[in-house]
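Data first, discussion second: the structure below is written as structure tokens.
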Amino acid sequence: MKEKIVIALGRSALGDDFPKQQAGVAVSARAIADLIEARYHVIITHSNGPQVGMIHTAMTELNHNHPDLYSPAPMSVCTALSQGYIGYDLQNALRTELLNRGIFKTVVTLITQVRVDPFDPAFSHPVKTLGRYMSEEDAQAEEAKGNYVIKEEQGYQRIYCSPKPLEIYEIDAIRTLEEAGQVVIACGGGGIPVLEQGTRLKGASAVIEKDFTAARLADQLDADVLLLLTSGRKLAIGYGTPQETYVDELSLQEAQKYLDEGRLSAATTQPKLEAAVNFVAAAPGRRAIISCLDEALDAVNGKAGTVIHP
């Protein structure tokens, strides 16, 4: 067995509706199977942006139209639902791809909870819009409940906080399964954010950045590689500007310089590079790679993507 790799699939790998997800997981399965066939040991996590928004919108509309029958679903429940149905499609697609190659491995999805700090400053600075568009009246009702709302061109929309992940509660189960040679899909959508209240875990109204949780998962499993797959072939510096450049490799010091300069996209590139730095800096001998799905195997073999190294 070669290196242990935590793979973080971006939203481009899954599509944004049921048919596109079916097609997306088939493509993702081929790329992941290439790594498994090359005898790399993989653990998988994934985005859930469009999916969790779709679930939240559907549940909210049910409550809005039939208040006597349905209650609105908390964000933690929506994240759990998205983990289940994305994992269902992904594990079946990967199982099929592996069997077609004569590889017999169990693929399993774990519903995963992640502890966040109730005093995280992020709870006062929401950043992620999600869910249905609302009227001004509905938006005022949400604000009266203490929820954050932002006005967009199409209407008003909920905006959620994004606290940092502290602890993955199911890490022992993930470790046991991966050490037994099974392919594990875990921490989907950044994990279900929960607050510890005595012996109870209470879902938080938040969305965790999945790249940060991927780095935490890779660190706790002592992986060799964190592979962050996105729509771009390499890390873009100054994306969308005349100074846009793509880099092949970065030392920790160079990566931190780019983070400090603020030349990265706050919504996409910044968290990826920050997660990569966190993982690589935590222990010797590690590397993080930012690449696209089509070049995953080449990226791990040093032939594509952007590598962040000590």
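If you're wondering about the labels, chains in the structure tokens are A, B, ... by order shown, residues count from 1 in each chain, ligands from 1 in order shown.
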
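Backbone DSSP assigns strand (DSSP E) in range 4-68 of chain A to Lys4, Ile5, Val6, Ile7, Ala8, Leu9, His41, Val42, Ile43, Ile44, Thr45 and His46 of chain A.
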
Save the residues we just selected, N, CA and C atoms, as an mmCIF file, in the first residue's frame?
data_model
loop_
_atom_site.group_PDB
_atom_site.id
_atom_site.type_symbol
_atom_site.label_atom_id
_atom_site.label_comp_id
_atom_site.auth_asym_id
_atom_site.auth_seq_id
_atom_site.Cartn_x
_atom_site.Cartn_y
_atom_site.Cartn_z
ATOM 1 N N LYS A 4 -1.313 7.348 2.249
ATOM 2 C CA LYS A 4 -2.705 7.550 2.653
ATOM 3 C C LYS A 4 -3.122 8.948 2.203
ATOM 4 N N ILE A 5 -4.233 9.027 1.464
ATOM 5 C CA ILE A 5 -4.691 10.284 0.872
ATOM 6 C C ILE A 5 -6.110 10.592 1.326
ATOM 7 N N VAL A 6 -6.347 11.794 1.819
ATOM 8 C CA VAL A 6 -7.708 12.287 2.043
ATOM 9 C C VAL A 6 -8.084 13.133 0.833
ATOM 10 N N ILE A 7 -9.140 12.716 0.144
ATOM 11 C CA ILE A 7 -9.607 13.394 -1.066
ATOM 12 C C ILE A 7 -10.802 14.270 -0.711
ATOM 13 N N ALA A 8 -10.726 15.560 -1.067
ATOM 14 C CA ALA A 8 -11.850 16.475 -0.856
ATOM 15 C C ALA A 8 -12.438 16.836 -2.221
ATOM 16 N N LEU A 9 -13.628 16.312 -2.507
ATOM 17 C CA LEU A 9 -14.294 16.596 -3.779
ATOM 18 C C LEU A 9 -15.021 17.932 -3.703
ATOM 19 N N HIS A 41 -4.117 4.523 -0.573
ATOM 20 C CA HIS A 41 -5.149 4.282 0.430
ATOM 21 C C HIS A 41 -5.948 5.570 0.575
ATOM 22 N N VAL A 42 -7.249 5.560 0.217
ATOM 23 C CA VAL A 42 -7.999 6.811 0.133
ATOM 24 C C VAL A 42 -9.145 6.877 1.139
ATOM 25 N N ILE A 43 -9.373 8.089 1.628
ATOM 26 C CA ILE A 43 -10.545 8.444 2.425
ATOM 27 C C ILE A 43 -11.155 9.651 1.719
ATOM 28 N N ILE A 44 -12.468 9.698 1.626
ATOM 29 C CA ILE A 44 -13.137 10.690 0.784
ATOM 30 C C ILE A 44 -14.031 11.603 1.612
ATOM 31 N N THR A 45 -13.964 12.890 1.313
ATOM 32 C CA THR A 45 -14.957 13.832 1.818
ATOM 33 C C THR A 45 -15.407 14.685 0.633
ATOM 34 N N HIS A 46 -16.460 15.461 0.816
ATOM 35 C CA HIS A 46 -17.041 16.135 -0.352
ATOM 36 C C HIS A 46 -17.809 17.389 0.048
#

Legend entry - Non-local contacts of Lys2 in chain A (10 Å; only C-alpha atoms; under 4 positions in same chain excluded) as a PyMOL selection string: chain A and resi 35-36+38-42+224

Any chance you could export the current selection's N, CA and C atoms as a short mmCIF file (atom, residue, chain, number, x, y, z; two decimals), in the first residue's frame?
data_model
loop_
_atom_site.label_atom_id
_atom_site.label_comp_id
_atom_site.auth_asym_id
_atom_site.auth_seq_id
_atom_site.Cartn_x
_atom_site.Cartn_y
_atom_site.Cartn_z
N LEU A 35 -6.78 6.00 -8.31
CA LEU A 35 -5.88 6.08 -7.16
C LEU A 35 -5.86 4.76 -6.38
N ILE A 36 -7.03 4.16 -6.20
CA ILE A 36 -7.11 2.88 -5.48
C ILE A 36 -6.40 1.79 -6.27
N ALA A 38 -3.95 2.18 -8.20
CA ALA A 38 -2.52 2.42 -8.07
C ALA A 38 -2.02 2.15 -6.65
N ARG A 39 -2.89 1.57 -5.82
CA ARG A 39 -2.58 1.12 -4.46
C ARG A 39 -2.39 2.26 -3.46
N TYR A 40 -2.98 3.41 -3.75
CA TYR A 40 -3.06 4.45 -2.73
C TYR A 40 -4.24 4.13 -1.82
N HIS A 41 -4.12 4.52 -0.57
CA HIS A 41 -5.15 4.28 0.43
C HIS A 41 -5.95 5.57 0.57
N VAL A 42 -7.25 5.56 0.22
CA VAL A 42 -8.00 6.81 0.13
C VAL A 42 -9.14 6.88 1.14
N ASP A 224 -0.80 11.16 4.54
CA ASP A 224 0.40 11.68 3.88
C ASP A 224 0.07 12.85 2.96
#

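Near Ala58 in chain A, within 12 Å and counting only C-alpha atoms, sit A:Gln51, A:Val52, A:Gly53, A:Met54, A:Ile55, A:His56, A:Thr60, A:Glu61, A:Leu62, A:Asn63, A:His64, A:Asn65, A:His66, A:Tyr70, A:Ser71, A:Pro72, A:Ala73, A:Cys78, A:Gly131, A:Arg132, A:Tyr133, not including residues fewer than 2 positions from it in the same chain.
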
Using the selection just defined, write its residues with N, CA and C atoms as a compact mmCIF listing (two decimals), in the first residue's frame.
# COMPACT_ATOMS: atom_id res chain seq x y z
N GLN A 51 -26.67 20.81 -2.89
CA GLN A 51 -27.57 19.78 -2.35
C GLN A 51 -28.22 20.21 -1.04
N VAL A 52 -27.42 20.76 -0.12
CA VAL A 52 -28.00 21.15 1.16
C VAL A 52 -28.95 22.34 0.97
N GLY A 53 -28.64 23.20 0.01
CA GLY A 53 -29.55 24.31 -0.28
C GLY A 53 -30.87 23.82 -0.83
N MET A 54 -30.81 22.80 -1.70
CA MET A 54 -32.03 22.22 -2.27
C MET A 54 -32.89 21.57 -1.19
N ILE A 55 -32.24 20.83 -0.29
CA ILE A 55 -32.98 20.18 0.80
C ILE A 55 -33.61 21.23 1.72
N HIS A 56 -32.82 22.23 2.09
CA HIS A 56 -33.33 23.28 2.98
C HIS A 56 -34.51 24.01 2.34
N THR A 60 -38.33 23.95 3.80
CA THR A 60 -38.92 25.23 4.18
C THR A 60 -40.22 25.49 3.42
N GLU A 61 -40.23 25.13 2.13
CA GLU A 61 -41.45 25.30 1.34
C GLU A 61 -42.57 24.41 1.86
N LEU A 62 -42.25 23.19 2.26
CA LEU A 62 -43.26 22.32 2.85
C LEU A 62 -43.89 22.95 4.08
N ASN A 63 -43.06 23.49 4.94
CA ASN A 63 -43.56 24.15 6.14
C ASN A 63 -44.37 25.39 5.80
N HIS A 64 -43.88 26.15 4.78
CA HIS A 64 -44.55 27.39 4.39
C HIS A 64 -45.95 27.12 3.84
N ASN A 65 -46.08 26.03 3.05
CA ASN A 65 -47.35 25.71 2.40
C ASN A 65 -48.27 24.84 3.25
N HIS A 66 -47.66 24.05 4.19
CA HIS A 66 -48.45 23.15 5.03
C HIS A 66 -47.95 23.25 6.48
N TYR A 70 -45.93 20.08 8.53
CA TYR A 70 -44.47 20.00 8.47
C TYR A 70 -43.82 21.15 9.24
N SER A 71 -42.75 20.81 9.94
CA SER A 71 -41.94 21.82 10.62
C SER A 71 -40.71 22.11 9.77
N PRO A 72 -40.15 23.32 9.88
CA PRO A 72 -38.91 23.60 9.14
C PRO A 72 -37.77 22.73 9.66
N ALA A 73 -36.90 22.27 8.79
CA ALA A 73 -35.79 21.41 9.18
C ALA A 73 -34.59 22.26 9.56
N CYS A 78 -30.53 19.19 7.64
CA CYS A 78 -30.34 19.29 6.19
C CYS A 78 -28.96 18.79 5.78
N GLY A 131 -30.43 28.46 0.67
CA GLY A 131 -31.87 28.24 0.78
C GLY A 131 -32.69 29.09 -0.17
N ARG A 132 -33.98 29.08 0.06
CA ARG A 132 -34.92 29.73 -0.84
C ARG A 132 -34.84 31.25 -0.73
N TYR A 133 -35.34 31.93 -1.77
CA TYR A 133 -35.48 33.38 -1.73
C TYR A 133 -36.82 33.71 -1.10

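CA of Thr241 in chain A lies 25.8 Å from CA of Gly49 in chain A.
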
Legend entry - Residue nearest Ser251 in chain A - candidates A:Gly198, A:Gly302, A:Pro310, A:Gly232, atoms counted: only C-alpha atoms: A:Pro310

Please, which residues in range 187-291 of chain A fall within 6 Å of range 155-170 of chain A when counting only C-alpha atoms, and what is the closest atom pair and distance in Å to one decimal for each, ordered by chain then residue number, as CSV?
residue,atom,partner,partner_atom,distance
A:Ala206,CA,A:Cys161,CA,5.0
A:Val207,CA,A:Ser162,CA,5.0
A:Ile208,CA,A:Ser162,CA,4.9
A:Thr213,CA,A:Pro165,CA,5.9

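Take CA of Asn92 in chain A and CA of Gly191 in chain A: the distance between them is 20.5 Å.
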
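Every protein or nucleic acid residue with an atom no more than 12 Å from Ser231 in chain A, counting only C-alpha atoms and leaving out same-chain residues fewer than 6 positions away, appears here: Leu9, Gly10, Arg11, Ser12, Ala13, Leu14, Gly15, Thr268, Thr269, Ile290, Ser291, Cys292, Leu293, Asp294, Glu295, Ala296 and Gly305 of chain A.
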
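For the set A:Gln182, A:Gln154, A:Thr245, A:Ser76, the residue with the smallest atom-to-atom gap to Val107 in chain A is A:Gln182, counting only C-alpha atoms.
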
Legend entry - Spatial neighbours of range 87-89 of chain A, 7 Å, only C-alpha atoms, chain gap at least 6 places, as a list in words: Gln22, Val25, Thr109 and Ile185 of chain A

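The nearest approach to Thr79 in chain A among the residues A:Val127, A:Val194, A:Ala26, A:Ile174, with only C-alpha atoms taken into account, belongs to A:Val194.
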
Inset, instruction - Show which residues sit within 9 Å of Gly84 in chain A, as an NGL selection string. Count only C-alpha atoms, and ignore same-chain residues fewer than 6 positions away. - result: :A and (109-111 or 188)

Produce a file of the selected residues containing C-alpha atoms, as a PDB file, in the first residue's frame.
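Output contents, as saved in again-v1.pdb:
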ATOM      1  CA  THR A 109     -20.600   6.374   4.121  1.00  0.00           C
ATOM      2  CA  LEU A 110     -20.561   7.646   7.698  1.00  0.00           C
ATOM      3  CA  ILE A 111     -22.885  10.361   8.937  1.00  0.00           C
ATOM      4  CA  GLY A 188     -19.583  15.430   3.867  1.00  0.00           C
TER       5      GLY A 188
END

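From CA of Met75 in chain A back to CA of Gly146 in chain A, the distance works out to 14.5 Å.
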
Tell me, as a PDB file with C-alpha atoms, in the first residue's frame, which residues lie within 7 Å of Glu97 in chain A, counting only C-alpha atoms; anything in the same chain fewer than 2 positions away does not count.
ATOM      1  CA  ALA A  29     -15.619   7.288  -9.084  1.00  0.00           C
ATOM      2  CA  ARG A  30     -13.311   6.754 -12.066  1.00  0.00           C
ATOM      3  CA  ALA A  33     -10.654   4.227  -8.572  1.00  0.00           C
ATOM      4  CA  ALA A  93     -20.833   4.563  -8.179  1.00  0.00           C
ATOM      5  CA  LEU A  94     -17.425   3.809  -6.654  1.00  0.00           C
ATOM      6  CA  ARG A  95     -18.417   0.235  -5.778  1.00  0.00           C
ATOM      7  CA  LEU A  99     -15.944  -4.173  -9.247  1.00  0.00           C
ATOM      8  CA  ASN A 100     -15.720  -3.492 -12.979  1.00  0.00           C
ATOM      9  CA  ARG A 101     -11.945  -3.339 -12.515  1.00  0.00           C
TER      10      ARG A 101
END

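Closest approach to Lys272 in chain A among A:Asn48, A:Ser135, A:Thr306, A:Asn301: A:Thr306, based on only C-alpha atoms.
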
Inset, instruction - Give the alpha helix (DSSP H) residues of range 86-283 of chain A, as DSSP finds them on the backbone, and put them as a count of residues only. - result: 67
